[in-house]
Structure formats: C-alpha cells, structure tokens
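Report on one structure; see the data block that follows.
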Amino acid sequence: MPIAANRSISTRLTFGFGGILVLLIAVAVVGQISANAVQKSMRQITGVNATKTQLANDMLATVNALSIQSRSVVMLDAVDATRSKEQSKQLTESLKLYATQEKELSALVQAGNTNPAEQSLMQEIETIAKSTGPELQKAANEALDGDAVSANMTVMVRANPGELAWNKKLAGMVALQSARSQEATQ
C-alpha cells in the first residue's frame, strides 16, 4: 500500500474510475458477443429450420394426397369415369407440386449448415420419390385404360411399400429439423 499512499487522491480516483470503465467495456463486449450468438441461433431456428420443416410437412401432405388420389382413380374408374379422370388430373398436378417442393428442400439441404444425416435422409427421400411416384401414376393410367386388376396390384403391391417408406422418411426429416432447432437453442 505504500505506492498507493504516495499518489494523490485525484490519481487514485482516476485509476478507480478507469478500472470501472474497463470492466464496463468488457461487460458490454461480452454482452454483444452473446447477443450475436443468440441472433445467429434464432436465425437458424426461425429461418432455415422452420423453412425446412414447413417444406417437409408440405411434402408429407402432398404424398398423402398422392396416395388418396391414386386410389380414387383406381376405385372410381368402374363407377364414375369422369371423377376418376378428375382425380387423375389432380394426381398429375400433385406430382408436379411434389417435385417443386422436393427441389426447394433439396436446395436448402445442400446449402448452408447441414449435417451428413440430413443429406443422407434427403437422398433417401429423393430415391423413394423417383420409384414410388411413377408407380402411382402407372396405377392411375392402368385404371383409366380399364385394367382394374393391374391398377389395384400396382397400388397395393408395388406402390404401397414405397408410400409407407416415403411417409416415414419425410416424418424423419420433420423430426430431424425439430431436433436441429432444439440444438440451436442450447
């Protein structure tokens, strides 16, 4: 303490306030860094993950619509050919809509902060879509051509397992995005 005793009161006050000022600046810097980290996490949750989740949910709804529409074409063809043809047109439109949704989600998965599990899951979804979508369309075409037995076999034997896997993988993508949002809050 002899060194502090040799200094004047103004010098000691200057050092005291200077120390408090340095601590205040340090707190402000740490606060700004923390705020930036929170902002980045929020951007990840509300921007990227929310968009991916919405697209995956939309794709899941479209796949469910495809299932209903393909079965409607097959079941209605013998009873109401006009409604069967309407369902076939809706099936074609739903396949186009799904392709657009899949392209958007795939682009988001390939860009930015993704992990290998997410990319692998997206590839599995794309593979299932490439095989199952055409099977659903084939069943509809067979029904419209009057071959109800082949149409039913295509829907139930060839398309149904793919539909189940498709739904499961899309639900997995929704769950993965939810988990990634949870991680971003940690």
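Residues are named by chain letter and number: chains run A, B, ... in the order of the structure tokens, numbers start at 1 in each chain, and ligands are numbered from 1 in the order shown.
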
Hey, what's within 8 Å of Arg71 of chain A if we count only C-alpha atoms and toss same-chain stuff fewer than 3 positions away? As number ranges by chain, please?
A: 67-68, 74-75, 140, 155

Store the residues picked out above in a file with N, CA and C atoms, as a PDB file, in the first residue's frame.
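The file below, out.pdb, is the result:
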ATOM      1  N   SER A  67     -51.455 -40.501 -52.442  1.00  0.00           N
ATOM      2  CA  SER A  67     -51.995 -41.817 -52.081  1.00  0.00           C
ATOM      3  C   SER A  67     -53.508 -41.853 -52.267  1.00  0.00           C
ATOM      4  N   ILE A  68     -54.169 -40.836 -51.773  1.00  0.00           N
ATOM      5  CA  ILE A  68     -55.633 -40.777 -51.883  1.00  0.00           C
ATOM      6  C   ILE A  68     -56.051 -40.650 -53.340  1.00  0.00           C
ATOM      7  N   VAL A  74     -58.244 -45.418 -59.158  1.00  0.00           N
ATOM      8  CA  VAL A  74     -58.432 -46.862 -59.314  1.00  0.00           C
ATOM      9  C   VAL A  74     -59.839 -47.292 -58.896  1.00  0.00           C
ATOM     10  N   MET A  75     -60.330 -46.791 -57.759  1.00  0.00           N
ATOM     11  CA  MET A  75     -61.633 -47.231 -57.251  1.00  0.00           C
ATOM     12  C   MET A  75     -62.801 -46.616 -58.021  1.00  0.00           C
ATOM     13  N   ALA A 140     -52.774 -45.290 -61.909  1.00  0.00           N
ATOM     14  CA  ALA A 140     -53.857 -44.442 -62.425  1.00  0.00           C
ATOM     15  C   ALA A 140     -54.061 -44.681 -63.916  1.00  0.00           C
ATOM     16  N   VAL A 155     -51.000 -50.459 -57.165  1.00  0.00           N
ATOM     17  CA  VAL A 155     -51.155 -49.623 -55.975  1.00  0.00           C
ATOM     18  C   VAL A 155     -50.800 -50.398 -54.712  1.00  0.00           C
TER      19      VAL A 155
END

For Asn160 of chain A, please output as a ChimeraX atom specification all residues within 12 Å (counting only C-alpha atoms; exclusion window: fewer than 3 positions along the same chain).
/A:63-64,66-68,70-71,128,131-133,135-136,139,152-157,163-167

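Take the candidates A:Leu13, A:Leu95, A:Val79, A:Ala129 and check each one against Ala148 of chain A using only C-alpha atoms; the shortest distance goes to A:Val79.
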
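Checking A:Ala117, A:Ala143, A:Ala111, A:Leu60 one by one against Ser84 of chain A, counting only C-alpha atoms, you find the shortest gap at A:Ala143.
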
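When only C-alpha atoms are used to measure the gap to Leu176 of chain A, the shortest distance among A:Thr100, A:Thr62, A:Ser150, A:Asn49 belongs to A:Asn49.
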
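Here atom CA of Ala175 of chain A and atom CA of Gln69 of chain A stand 26.2 Å from one another.
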